[in-house]
Structure formats: structure tokens, C-alpha cells
2 protein chains.
Amino acid sequence: MTGVRIPNSATNLESLLLSTAEGLIADGGLSALSLRELGREAGVSRTAPYHYFADKAALVSKVGASSFARLADRIDAALVTAGDLETRCLAGLRAYVGFALDEPHLFRLMFSDVLIRHTLMHDATMATAVAFRNDSALRAFRGFAEAISAAQAAHELAAEDPMLIVQTLWAYAHGVAELALGDKITLVGSVDDLLESGLKALLDRYRPAD
Amino acid sequence: MTGVRIPNSATNLESLLLSTAEGLIADGGLSALSLRELGREAGVSRTAPYHYFADKAALVSKVGASSFARLADRIDAALVTAGDLETRCLAGLRAYVGFALDEPHLFRLMFSDVLIRHTLMHDATMATAVAFRNDSALRAFRGFAEAISAAQAAHELAAEDPMLIVQTLWAYAHGVAELALGDKITLVGSVDDLLESGLKALLDRYRPAD
DNA sequence: GCCTCGAATTTGACGATGTCAAGACTGGTT
DNA sequence: AACCAGTCTTGACATCGTCAAATTCGAGGC
């Protein structure tokens with residue numbers, strides 16, 4: 001029996017495989033993804049993925065990129081909330097940490113060395129590696145940069161490279177996410193309090209003397 | 001030929017295996033560690049490690065704990081430098097990020113989900129999991145807590161739960177480390193500047209009104 | 001000195017995995 | 001009808017984690 005291809009339907013096998021792989025990693029972590037299991041789950045043969053992804057690393061890399069894109073969407077959605085700079089930034093950072101808590105395995109994957117290494121080696125030049133970062137990761141923070149630029153134009157924030165401020169906020173949010181992921185019990189306060197007080201402190205530093 | 005056991009000498013095979021495993025992970029990442037390769041490298045047979053470590057996960061877990069201990073040592077050493085609170089904290093955070101940059105693979109391992117999951121599942125109770133965190137990870141920041149408590153006693157810092165401040169600093173340093181690891185080029189300023197300005201901002205928040 | 005016992009280590013074996021090479025099916029073109 | 005390129009499957013191989021059985025080895029009693 002050759003087996004009927006089920007809901008493969010119109011769309012590519014590629015996207016089916018990609019989303020299946022994402023699902024496998026989402027519950028179970030990276031170690032839960034095997035190409036054979038992926039084939040099984042998707043109703044195709046074990047080596048079918050090789051027609052779309054050169055490598056397991058390539059597949060994982062694409063899953064990572066897709067996760068970054070989803071993170072970016074979530075942040076963008078959060079950033080459009082009404083309010084002043086601090087309110088909006090807090091919403092954005094909450095989205096960041098929220099994604100990490102909702103999808104711990106994907107979040108971990110995004111910053112695992114498998115991803116970085118593959119991106120660096122396979123995309124050949126360092127320039128494209130940076131481009132990857134810009135497209136996938138930094139895009140998640142473009143909204144922040146715009147919000148900050150706007151605040152600077154309104155003289156609510158000192159004139160500084162907006163990206164520097166973005167990096168500062170990003171670093172802080174990332175650390176909070178990691179701490180929260182590690183084991184929530186040890187945290188003294190709530191994740192949200194930690195996020196809010198830190199954000200306030202970091203933003204205050206860039207307030208104009210006025 | 002049974003082969004002469006080389007420099008196993010007096011010390012346990014266990015510590016030899018542990019340090020060899022650490023070395024394998026340090027260059028090459030977690031995926032570069034296989035029990036068979038470990039045996040080869042250590043001059044013993046493939047299943048020899050099973051007498052000391054129940055699992056590959058158990059072995060990796062111990063490597064992680066050992067890495068946390070080394071991180072803690074490095075931070076402690078940095079914290080004893082002379083100077084005011086900010087100077088000392090900056091030295092400590094630099095040590096944190098420095099470790100991450102020097103040992104990216106070990107650093108990643110320490111926060112990978114394999115480590116967390118194994119600790120949670122194998123050490124049976126949640127209590128011991130927390131104990132692990134306290135012993136290995138939080139120990140790295142005990143020095144910070146002490147420095148902060150001292151500053152509070154001297155009224156240089158507002159009375160707050162010192163651990164909350166420690167968490168704030170930790171989160172920030174961790175995020176900076178991650179950003180720096182990802183790909184150093186994109187960073188707007190130097191890692192050190194980022195660290196310093198962020199620390200200043202976060203500490204200022206807890207300065208007494210005075 | 002030999003023997004025994006228990007721990008430390010090895011060898012054998014099994015299922016699972018990533019990956020490559022070769023084959024088979026498919027639809028559309030000439 | 002013959003061909004063809006794209007898509008997928010089957011077969012095969014080395015490697016891996018792990019368990020069970022076998023082996024080596026060193027110390028203590030006779």
C-alpha cells in the first residue's frame with residue numbers, strides 16, 4: 001500500500017514538515033526531534049525531509065527562524081497598545097518574556113549554539129549571518145527602536161543611538177526570561193514586578209535633564 | 001594488548017571522565033560529547049562511564065554543576081576587588097559575561113533545558129531541585145548579595161530584599177552575555193559599556209532618597 | 001602461594017538515529 | 001509511446017545510548 005497522502009493537499013510538504021518539526025520541538029525539546037519521527041508524524045518516509053532541508057541542522061535552523069518571526073509578531077502586536085513610552089515598552093517586554101514562558105523549548109532553541117553555528121557556517125559569509133540576525137532577531141525589536149525614536153523626537157528621551165537603548169532593554173528582558181524559565185520558585189518577586197522595575201530604571205537613565 | 005592505563009594514576013576515573021567530558025563540550029558543544037568518544041579520549045572503554053554516571057544526562061548534569069561552580073569562583077574572585085559598590089558589582093558582572101564569552105558552550109549548557117529537566121526529574125523532589133539552584137547557580141551570586149547588604153547597612157542603598165536587587169543585576173548580565181554570544185558585531189557599543197551603563201541605571205533605582 | 005569475593009572494566013548485542021546512494025513513482029512534454 | 005525532471009521510498013552503513021553477560025583485577029583470609 002502506497003498510502004494516501006492525507007492533508008498534504010495543496011500546500012507544500014515543506015511547510016507541513018516545518019510545522020510538524022516545530023510542534024515536536026515545542027513539546028519535548030530539541031532532542032524530541034528526529035528526522036524519522038518527523039517523517040512518521042507527517043505521514044511520509046524518513047528521508048523525505050532531505051528533499052527540502054539539506055541537513056537536520058538546516059531544518060532546525062529554519063524552525064528557529066520561524067520562531068523568531070513569531071516572537072517578532074507577538075512583540076509588534078503588544079507594542080501598538082496605547083499609552084506612554086514606558087507602558088508600551090513594558091507591554092513589549094512582557095510579550096518577550098511571555099513567549100519564552102509559553103514556548104520554553106522553542107525559546108531555548110533560538111539561542112542554542114546549534115542555531116548560531118549553523119547559521120554562521122552554512123550561510124557562508126559573515127555578512128549574511130548578520131543579515132539573519134537583522135531579519136529574524138532584530139526585527140523583533142524594530143518596533144522598540146521606533147517607539148524610542150518617537151519618544152526622542154518628543155524630547156521624552158535623551159538623544160542617543162536608539163539601538164543602544166533597545167539592546168539594553170532586550171538584554172534585560174532576555175535575562176528575566178531566562179531566570180523565569182530556570183525555575184520560577186526561586187524568584188523573589190513576580191516576573192512582572194521584576195520586569196517593570198528594571199524597565200523603569202533603564203529608561204530613567206536616558207531621560208533628558210530637562 | 002590490554003593497554004597500560006596512562007595517567008589515571010592515583011585519582012579516580014570519575015574525575016578524569018568528568019574533566020574530559022567538560023573538555024569535549026567546551027570545544028564542540030554538547031553534540032560533540034558521546035559516551036563512546038569520551039571513553040576513547042579517556043583511554044577506557046565505551047561503557048566505563050556507566051559505573052560513575054547512571055546516564056548521559058547525569059554526566060551532562062554534573063558537567064553543568066561543575067561549570068556553575070567555576071563561574072561562582074570567578075565571580076567571587078572578581079568581587080573582592082577594592083572600590084565602592086558599583087565598582088565591585090561591575091567587576092562581578094564582567095566576570096559573569098567574561099565566563100560566557102570564554103566558555104560559550106559550557107555557558108549555553110548551563111542554561112539548556114537538558115540540564116534543567118534532568119535536575120528536576122532525577123533529583124526526585126522539587127526541594128532538591130531548588131537546592132541545586134541554590135548551591136550551584138545562586139552561590140555564584142551570594143557575593144553580590146553580601147556586597148549589597150553591606151551597602152544597605154552603610155545607607156548607600158535603600159532597604160530592599162537584597163536578592164531582588166541581585167536578580168535584577170543577574171538578569172541584566174545574563175542578557176548582555178547572551179547578546180554578546182549571539183554575534184558580537186551587531187552590538188552598537190562595546191559589551192563593557194553596555195554592562196556599565198545598565199548597572200549604573202539599575203543600581204541608581206535603589207539608591208536612598210537622601 | 002593459592003583462592004575467593006566483590007568491585008571495576010570490557011565485550012557483545014539491540015534498537016534508534018543521521019545520512020547517502022540507488023531505485024521507483026508521478027505528472028506533464030514532445 | 002517515450003522521455004524527463006521532480007518527488008518520494010527503500011536499502012545500507014556508521015554511529016550512538018544502553019543493557020546484560022563476561023572478564024579482569026586487587027585485596028584479604030586460608
# chains A, B, ... in the order shown; residues from 1 in each chain; ligands from 1
$ calpha_fit_and_write --fixed "chain A" --moving "chain B" --output "compact mmCIF listing (two decimals) with C-alpha atoms, in the first residue's frame"
# COMPACT_ATOMS: atom_id res chain seq x y z
CA MET B 1 -0.52 -0.33 0.55
CA THR B 2 1.02 2.85 -0.65
CA GLY B 3 -1.07 4.83 1.80
CA VAL B 4 -3.18 7.82 1.00
CA ARG B 5 -1.48 11.14 1.50
CA ILE B 6 -3.68 12.64 4.14
CA PRO B 7 -4.07 16.38 4.53
CA ASN B 8 -0.96 17.24 2.56
CA SER B 9 -3.51 18.54 0.13
CA ALA B 10 -2.56 21.60 -1.77
CA THR B 11 0.27 23.02 0.35
CA ASN B 12 3.85 21.97 0.17
CA LEU B 13 5.24 19.09 2.09
CA GLU B 14 7.88 21.56 3.16
CA SER B 15 5.57 23.65 5.29
CA LEU B 16 3.96 20.54 6.72
CA LEU B 17 7.36 19.23 7.73
CA LEU B 18 8.36 22.57 9.13
CA SER B 19 5.33 22.94 11.33
CA THR B 20 5.50 19.33 12.40
CA ALA B 21 9.12 19.76 13.38
CA GLU B 22 8.22 22.89 15.28
CA GLY B 23 5.55 20.98 17.10
CA LEU B 24 7.89 18.15 18.00
CA ILE B 25 10.42 20.58 19.39
CA ALA B 26 7.80 22.65 21.16
CA ASP B 27 6.88 19.72 23.33
CA GLY B 28 9.89 17.59 24.04
CA GLY B 29 12.74 19.89 23.16
CA LEU B 30 15.31 19.57 20.45
CA SER B 31 16.15 16.02 21.43
CA ALA B 32 12.59 15.02 20.63
CA LEU B 33 13.11 15.85 16.99
CA SER B 34 14.45 13.06 14.82
CA LEU B 35 14.09 13.04 11.09
CA ARG B 36 12.61 9.59 11.25
CA GLU B 37 10.05 10.57 13.83
CA LEU B 38 9.32 13.64 11.76
CA GLY B 39 8.62 11.50 8.74
CA ARG B 40 6.41 9.21 10.77
CA GLU B 41 4.47 12.12 12.22
CA ALA B 42 4.02 13.77 8.85
CA GLY B 43 2.99 10.53 7.18
CA VAL B 44 5.93 10.36 4.81
CA SER B 45 9.12 8.41 4.72
CA ARG B 46 12.18 9.11 6.80
CA THR B 47 14.29 10.71 4.11
CA ALA B 48 11.56 12.81 2.57
CA PRO B 49 12.73 15.92 4.46
CA TYR B 50 16.06 15.72 2.68
CA HIS B 51 14.46 17.08 -0.42
CA TYR B 52 13.67 20.33 1.32
CA PHE B 53 16.37 20.59 3.95
CA ALA B 54 19.97 19.75 3.29
CA ASP B 55 20.59 18.76 6.85
CA LYS B 56 19.01 18.26 10.18
CA ALA B 57 20.83 21.44 11.12
CA ALA B 58 19.25 23.26 8.21
CA LEU B 59 15.82 22.15 9.30
CA VAL B 60 16.41 23.19 12.88
CA SER B 61 17.75 26.49 11.65
CA LYS B 62 14.55 27.17 9.76
CA VAL B 63 12.47 26.27 12.77
CA GLY B 64 14.51 28.78 14.74
CA ALA B 65 14.00 31.48 12.16
CA SER B 66 10.28 30.82 12.13
CA SER B 67 10.19 31.06 15.91
CA PHE B 68 11.96 34.39 15.77
CA ALA B 69 9.37 35.58 13.32
CA ARG B 70 6.56 34.57 15.63
CA LEU B 71 8.26 36.30 18.53
CA ALA B 72 8.55 39.44 16.43
CA ASP B 73 4.87 39.31 15.53
CA ARG B 74 3.91 38.96 19.13
CA ILE B 75 6.06 41.88 20.20
CA ASP B 76 4.81 44.07 17.39
CA ALA B 77 1.25 43.32 18.40
CA ALA B 78 2.01 44.25 21.99
CA LEU B 79 3.79 47.48 21.11
CA VAL B 80 0.79 49.04 19.42
CA THR B 81 -1.10 49.32 22.70
CA ALA B 82 -1.95 52.90 23.62
CA GLY B 83 -0.04 54.73 26.30
CA ASP B 84 3.21 56.46 26.96
CA LEU B 85 6.62 55.10 26.15
CA GLU B 86 7.02 53.15 29.35
CA THR B 87 3.64 51.51 29.08
CA ARG B 88 4.27 50.43 25.54
CA CYS B 89 7.76 49.15 26.27
CA LEU B 90 6.51 47.20 29.22
CA ALA B 91 3.91 45.57 27.02
CA GLY B 92 6.61 44.68 24.53
CA LEU B 93 8.92 43.20 27.12
CA ARG B 94 6.03 41.28 28.59
CA ALA B 95 5.41 39.82 25.18
CA TYR B 96 9.05 38.76 25.00
CA VAL B 97 9.03 37.03 28.34
CA GLY B 98 5.56 35.68 27.68
CA PHE B 99 6.77 33.97 24.55
CA ALA B 100 9.65 32.44 26.45
CA LEU B 101 7.31 31.08 29.10
CA ASP B 102 4.78 29.80 26.59
CA GLU B 103 7.33 28.16 24.32
CA PRO B 104 10.33 27.38 26.47
CA HIS B 105 11.78 24.80 24.11
CA LEU B 106 11.54 27.00 21.05
CA PHE B 107 12.91 29.93 23.00
CA ARG B 108 15.88 27.88 24.14
CA LEU B 109 16.41 26.64 20.63
CA MET B 110 16.56 30.19 19.28
CA PHE B 111 19.56 30.91 21.45
CA SER B 112 21.23 27.53 21.34
CA ASP B 113 24.61 27.24 19.73
CA VAL B 114 23.38 24.79 17.12
CA LEU B 115 21.38 27.58 15.60
CA ILE B 116 24.12 30.15 15.71
CA ARG B 117 26.79 27.83 14.45
CA HIS B 118 24.72 26.57 11.58
CA THR B 119 23.76 30.06 10.54
CA LEU B 120 27.35 31.17 10.60
CA MET B 121 28.73 28.20 8.73
CA HIS B 122 26.06 27.41 6.24
CA ASP B 123 25.13 30.87 5.11
CA ALA B 124 28.70 31.20 4.05
CA THR B 125 29.60 34.80 4.63
CA MET B 126 29.52 36.67 7.87
CA ALA B 127 27.45 39.32 6.17
CA THR B 128 24.52 37.00 5.65
CA ALA B 129 24.84 35.80 9.20
CA VAL B 130 24.41 39.33 10.36
CA ALA B 131 21.56 39.72 7.93
CA PHE B 132 19.91 36.75 9.53
CA ARG B 133 20.22 38.35 12.89
CA ASN B 134 18.81 41.57 11.55
CA ASP B 135 15.93 39.97 9.77
CA SER B 136 14.87 37.44 12.32
CA ALA B 137 16.07 38.56 15.70
CA LEU B 138 16.49 42.28 15.43
CA ARG B 139 13.22 42.65 13.60
CA ALA B 140 11.62 41.66 16.86
CA PHE B 141 12.99 44.88 18.27
CA ARG B 142 12.49 47.25 15.39
CA GLY B 143 9.24 48.33 16.97
CA PHE B 144 11.11 49.24 20.13
CA ALA B 145 13.56 51.32 18.16
CA GLU B 146 10.74 53.20 16.53
CA ALA B 147 8.95 53.85 19.79
CA ILE B 148 12.17 55.12 21.29
CA SER B 149 12.95 57.34 18.32
CA ALA B 150 9.50 58.83 18.59
CA ALA B 151 9.99 59.51 22.28
CA GLN B 152 13.30 61.16 21.51
CA ALA B 153 11.66 63.37 18.92
CA ALA B 154 9.17 64.40 21.58
CA HIS B 155 12.06 65.12 23.96
CA GLU B 156 10.88 62.52 26.41
CA LEU B 157 14.15 60.71 25.99
CA ALA B 158 17.71 61.93 25.58
CA ALA B 159 19.29 61.78 22.15
CA GLU B 160 21.20 58.52 22.09
CA ASP B 161 21.58 55.77 19.57
CA PRO B 162 18.14 54.19 19.85
CA MET B 163 19.65 50.80 19.22
CA LEU B 164 21.77 51.10 22.30
CA ILE B 165 18.66 51.60 24.39
CA VAL B 166 16.96 48.75 22.60
CA GLN B 167 19.88 46.46 23.36
CA THR B 168 19.75 47.43 26.98
CA LEU B 169 16.07 46.60 27.23
CA TRP B 170 16.49 43.45 25.22
CA ALA B 171 19.28 42.20 27.40
CA TYR B 172 17.26 42.80 30.53
CA ALA B 173 14.15 41.12 29.20
CA HIS B 174 16.14 38.18 28.01
CA GLY B 175 17.74 37.72 31.37
CA VAL B 176 14.41 37.92 33.14
CA ALA B 177 13.02 35.34 30.76
CA GLU B 178 15.89 33.00 31.42
CA LEU B 179 15.57 33.38 35.17
CA ALA B 180 11.86 32.77 34.97
CA LEU B 181 12.36 29.71 32.79
CA GLY B 182 14.97 28.18 35.04
CA ASP B 183 12.71 27.64 37.95
CA LYS B 184 10.01 30.04 38.80
CA ILE B 185 9.90 29.35 42.48
CA THR B 186 13.15 30.94 43.46
CA LEU B 187 12.18 34.33 42.08
CA VAL B 188 11.67 36.76 44.92
CA GLY B 189 9.00 38.88 43.27
CA SER B 190 6.73 38.20 40.35
CA VAL B 191 8.17 38.17 36.87
CA ASP B 192 6.04 41.17 36.07
CA ASP B 193 7.30 43.24 38.95
CA LEU B 194 10.86 42.39 38.09
CA LEU B 195 10.26 43.42 34.51
CA GLU B 196 8.52 46.64 35.40
CA SER B 197 10.98 47.92 37.96
CA GLY B 198 13.93 47.09 35.77
CA LEU B 199 12.43 48.79 32.76
CA LYS B 200 11.68 51.91 34.78
CA ALA B 201 15.26 52.06 35.98
CA LEU B 202 16.76 51.54 32.55
CA LEU B 203 14.49 54.07 30.88
CA ASP B 204 15.07 56.67 33.56
CA ARG B 205 18.74 56.61 32.78
CA TYR B 206 18.03 58.00 29.35
CA ARG B 207 15.59 60.67 30.41
CA PRO B 208 16.71 64.16 29.45
CA ALA B 209 18.05 66.39 32.23
CA ASP B 210 15.26 68.89 31.57
$ atom_distance --atom1 "C1' of DG15 in chain C" --atom2 "C1' of DT15 in chain D"
12.7 Å
$ select_by_dssp --residues "range 45-172 of chain A" --states "alpha helix (DSSP H)" --output "number ranges by chain"
A: 56-79, 85-102, 104-110, 113-122, 126-132, 142-153, 162-172
$ closest_atom_pairs --of "chain C" --to "range 2-13 of chain D" --cutoff "9 Å" --atoms "only C-alpha atoms (C1' of nucleotides)" --output "tab-separated table"
residue	atom	partner	partner_atom	distance
C:DC20	C1'	D:DC13	C1'	8.9
C:DA21	C1'	D:DA12	C1'	8.8
C:DA22	C1'	D:DG11	C1'	8.5
C:DG23	C1'	D:DT10	C1'	7.7
C:DA24	C1'	D:DT9	C1'	7.3
C:DC25	C1'	D:DC8	C1'	7.7
C:DT26	C1'	D:DT7	C1'	7.7
C:DT29	C1'	D:DC4	C1'	8.4
C:DT30	C1'	D:DC3	C1'	8.4
$ residues_around --residues "range 21-27 of chain D" --least-positions-apart "3" --cutoff "9 Å" --atoms "only C-alpha atoms (C1' of nucleotides)" --output "list of chain:residue names"
C:DA7, C:DA8, C:DT9, C:DT10, C:DT11, C:DG12
$ write_last_selection --atoms "N, CA and C atoms (P, O5', C5', C4', C3', O3' and C1' of nucleotides)" --output "PDB file, in the first residue's frame"
ATOM      1  P    DA C   7      30.821  -4.785  45.957  1.00  0.00           P
ATOM      2  O5'  DA C   7      31.716  -3.712  45.195  1.00  0.00           O
ATOM      3  C5'  DA C   7      32.988  -3.356  45.731  1.00  0.00           C
ATOM      4  C4'  DA C   7      33.982  -3.118  44.604  1.00  0.00           C
ATOM      5  C3'  DA C   7      33.489  -2.148  43.514  1.00  0.00           C
ATOM      6  O3'  DA C   7      34.504  -1.203  43.270  1.00  0.00           O
ATOM      7  C1'  DA C   7      34.273  -4.143  42.529  1.00  0.00           C
ATOM      8  P    DA C   8      34.202   0.121  42.452  1.00  0.00           P
ATOM      9  O5'  DA C   8      35.029  -0.089  41.111  1.00  0.00           O
ATOM     10  C5'  DA C   8      36.405  -0.467  41.210  1.00  0.00           C
ATOM     11  C4'  DA C   8      36.936  -0.866  39.838  1.00  0.00           C
ATOM     12  C3'  DA C   8      36.518   0.070  38.696  1.00  0.00           C
ATOM     13  O3'  DA C   8      37.659   0.294  37.891  1.00  0.00           O
ATOM     14  C1'  DA C   8      35.880  -2.155  38.185  1.00  0.00           C
ATOM     15  P    DT C   9      37.618   1.431  36.746  1.00  0.00           P
ATOM     16  O5'  DT C   9      37.356   0.559  35.435  1.00  0.00           O
ATOM     17  C5'  DT C   9      38.358  -0.358  35.019  1.00  0.00           C
ATOM     18  C4'  DT C   9      37.817  -1.325  33.999  1.00  0.00           C
ATOM     19  C3'  DT C   9      37.275  -0.695  32.708  1.00  0.00           C
ATOM     20  O3'  DT C   9      38.236  -0.856  31.683  1.00  0.00           O
ATOM     21  C1'  DT C   9      36.017  -2.612  33.433  1.00  0.00           C
ATOM     22  P    DT C  10      37.903  -0.427  30.182  1.00  0.00           P
ATOM     23  O5'  DT C  10      37.376  -1.803  29.577  1.00  0.00           O
ATOM     24  C5'  DT C  10      38.186  -2.972  29.680  1.00  0.00           C
ATOM     25  C4'  DT C  10      37.486  -4.158  29.039  1.00  0.00           C
ATOM     26  C3'  DT C  10      37.051  -3.947  27.582  1.00  0.00           C
ATOM     27  O3'  DT C  10      37.541  -4.994  26.780  1.00  0.00           O
ATOM     28  C1'  DT C  10      35.236  -4.771  28.873  1.00  0.00           C
ATOM     29  P    DT C  11      37.541  -4.853  25.191  1.00  0.00           P
ATOM     30  O5'  DT C  11      36.479  -5.938  24.708  1.00  0.00           O
ATOM     31  C5'  DT C  11      36.321  -7.146  25.450  1.00  0.00           C
ATOM     32  C4'  DT C  11      35.026  -7.845  25.085  1.00  0.00           C
ATOM     33  C3'  DT C  11      34.536  -7.645  23.649  1.00  0.00           C
ATOM     34  O3'  DT C  11      34.254  -8.908  23.081  1.00  0.00           O
ATOM     35  C1'  DT C  11      32.793  -7.186  25.180  1.00  0.00           C
ATOM     36  P    DG C  12      33.671  -9.059  21.613  1.00  0.00           P
ATOM     37  O5'  DG C  12      32.098  -9.215  21.824  1.00  0.00           O
ATOM     38  C5'  DG C  12      31.606 -10.078  22.841  1.00  0.00           C
ATOM     39  C4'  DG C  12      30.094 -10.200  22.760  1.00  0.00           C
ATOM     40  C3'  DG C  12      29.494 -10.050  21.361  1.00  0.00           C
ATOM     41  O3'  DG C  12      28.441 -10.993  21.205  1.00  0.00           O
ATOM     42  C1'  DG C  12      28.577  -8.389  22.791  1.00  0.00           C
TER      43       DG C  12
END
$ interface_residues --of "chain C" --to "chain A" --cutoff "10 Å" --atoms "only C-alpha atoms (C1' of nucleotides)" --output "ChimeraX atom specification"
/C:16-19,25
$ interface_residues --of "chain D" --to "chain B" --cutoff "9 Å" --atoms "only C-alpha atoms (C1' of nucleotides)" --output "list in words"
DC16, DG17 and DT18 of chain D
$ decode --residues "range 8-21 of chain D" --atoms "N, CA and C atoms (P, O5', C5', C4', C3', O3' and C1' of nucleotides)" --output "JSON list (two decimals), in the first residue's frame"
[["chain", "number", "residue", "atom", "x", "y", "z"],
["D", 8, "DC", "P", 7.10, 15.11, -2.08],
["D", 8, "DC", "O5'", 7.56, 13.61, -1.76],
["D", 8, "DC", "C5'", 6.69, 12.55, -2.15],
["D", 8, "DC", "C4'", 7.44, 11.23, -2.17],
["D", 8, "DC", "C3'", 7.95, 10.72, -0.83],
["D", 8, "DC", "O3'", 7.05, 9.71, -0.35],
["D", 8, "DC", "C1'", 9.45, 10.26, -2.65],
["D", 9, "DT", "P", 7.42, 8.90, 0.99],
["D", 9, "DT", "O5'", 8.22, 7.65, 0.42],
["D", 9, "DT", "C5'", 7.62, 6.82, -0.58],
["D", 9, "DT", "C4'", 8.50, 5.61, -0.86],
["D", 9, "DT", "C3'", 8.93, 4.83, 0.39],
["D", 9, "DT", "O3'", 8.74, 3.45, 0.15],
["D", 9, "DT", "C1'", 10.85, 5.45, -0.87],
["D", 10, "DT", "P", 8.80, 2.41, 1.38],
["D", 10, "DT", "O5'", 10.03, 1.45, 1.01],
["D", 10, "DT", "C5'", 10.43, 1.37, -0.34],
["D", 10, "DT", "C4'", 11.80, 0.72, -0.48],
["D", 10, "DT", "C3'", 12.31, -0.10, 0.72],
["D", 10, "DT", "O3'", 12.82, -1.33, 0.23],
["D", 10, "DT", "C1'", 13.91, 1.53, 0.13],
["D", 11, "DG", "P", 13.50, -2.39, 1.23],
["D", 11, "DG", "O5'", 15.06, -2.09, 1.10],
["D", 11, "DG", "C5'", 15.64, -1.96, -0.19],
["D", 11, "DG", "C4'", 17.15, -1.84, -0.10],
["D", 11, "DG", "C3'", 17.81, -2.65, 1.03],
["D", 11, "DG", "O3'", 19.03, -3.19, 0.53],
["D", 11, "DG", "C1'", 18.31, -0.35, 1.31],
["D", 12, "DA", "P", 19.98, -4.10, 1.50],
["D", 12, "DA", "O5'", 21.07, -3.07, 2.02],
["D", 12, "DA", "C5'", 21.82, -2.32, 1.06],
["D", 12, "DA", "C4'", 22.76, -1.36, 1.78],
["D", 12, "DA", "C3'", 23.47, -1.98, 3.00],
["D", 12, "DA", "O3'", 24.86, -1.84, 2.83],
["D", 12, "DA", "C1'", 22.51, 0.13, 3.54],
["D", 13, "DC", "P", 25.91, -2.48, 3.86],
["D", 13, "DC", "O5'", 26.41, -1.21, 4.69],
["D", 13, "DC", "C5'", 26.89, -0.06, 3.98],
["D", 13, "DC", "C4'", 27.30, 1.00, 4.97],
["D", 13, "DC", "C3'", 27.92, 0.44, 6.25],
["D", 13, "DC", "O3'", 29.16, 1.07, 6.50],
["D", 13, "DC", "C1'", 26.15, 1.92, 6.77],
["D", 14, "DA", "P", 30.16, 0.49, 7.60],
["D", 14, "DA", "O5'", 30.29, 1.74, 8.57],
["D", 14, "DA", "C5'", 30.48, 3.04, 8.01],
["D", 14, "DA", "C4'", 30.12, 4.10, 9.04],
["D", 14, "DA", "C3'", 30.72, 3.84, 10.44],
["D", 14, "DA", "O3'", 31.26, 5.05, 10.95],
["D", 14, "DA", "C1'", 28.38, 4.04, 10.60],
["D", 15, "DT", "P", 32.00, 5.05, 12.37],
["D", 15, "DT", "O5'", 30.94, 5.65, 13.42],
["D", 15, "DT", "C5'", 30.31, 6.88, 13.16],
["D", 15, "DT", "C4'", 29.16, 7.07, 14.13],
["D", 15, "DT", "C3'", 29.53, 6.77, 15.59],
["D", 15, "DT", "O3'", 29.56, 8.01, 16.31],
["D", 15, "DT", "C1'", 27.37, 5.90, 14.98],
["D", 16, "DC", "P", 29.99, 8.06, 17.83],
["D", 16, "DC", "O5'", 28.62, 7.90, 18.64],
["D", 16, "DC", "C5'", 27.58, 8.85, 18.41],
["D", 16, "DC", "C4'", 26.29, 8.33, 18.99],
["D", 16, "DC", "C3'", 26.41, 7.86, 20.44],
["D", 16, "DC", "O3'", 25.99, 8.89, 21.32],
["D", 16, "DC", "C1'", 25.06, 6.38, 19.10],
["D", 17, "DG", "P", 26.29, 8.68, 22.89],
["D", 17, "DG", "O5'", 25.02, 7.85, 23.41],
["D", 17, "DG", "C5'", 23.76, 8.50, 23.45],
["D", 17, "DG", "C4'", 22.72, 7.57, 24.06],
["D", 17, "DG", "C3'", 23.02, 7.16, 25.49],
["D", 17, "DG", "O3'", 21.80, 7.13, 26.23],
["D", 17, "DG", "C1'", 22.93, 5.23, 24.11],
["D", 18, "DT", "P", 21.87, 6.80, 27.79],
["D", 18, "DT", "O5'", 21.75, 5.20, 27.81],
["D", 18, "DT", "C5'", 20.59, 4.59, 27.24],
["D", 18, "DT", "C4'", 20.71, 3.08, 27.29],
["D", 18, "DT", "C3'", 21.15, 2.52, 28.65],
["D", 18, "DT", "O3'", 20.10, 1.69, 29.13],
["D", 18, "DT", "C1'", 22.26, 1.44, 26.85],
["D", 19, "DC", "P", 20.06, 1.38, 30.71],
["D", 19, "DC", "O5'", 20.02, -0.22, 30.73],
["D", 19, "DC", "C5'", 19.09, -0.89, 29.90],
["D", 19, "DC", "C4'", 19.62, -2.26, 29.53],
["D", 19, "DC", "C3'", 20.09, -3.10, 30.72],
["D", 19, "DC", "O3'", 19.34, -4.31, 30.78],
["D", 19, "DC", "C1'", 21.67, -3.14, 28.94],
["D", 20, "DA", "P", 19.42, -5.23, 32.08],
["D", 20, "DA", "O5'", 20.18, -6.54, 31.58],
["D", 20, "DA", "C5'", 19.90, -7.08, 30.30],
["D", 20, "DA", "C4'", 20.92, -8.14, 29.94],
["D", 20, "DA", "C3'", 21.39, -8.98, 31.12],
["D", 20, "DA", "O3'", 21.47, -10.35, 30.72],
["D", 20, "DA", "C1'", 23.26, -7.94, 30.10],
["D", 21, "DA", "P", 21.85, -11.49, 31.79],
["D", 21, "DA", "O5'", 23.30, -11.97, 31.33],
["D", 21, "DA", "C5'", 23.52, -12.29, 29.97],
["D", 21, "DA", "C4'", 25.01, -12.34, 29.69],
["D", 21, "DA", "C3'", 25.79, -13.21, 30.66],
["D", 21, "DA", "O3'", 26.59, -14.13, 29.93],
["D", 21, "DA", "C1'", 26.79, -11.06, 30.49]]
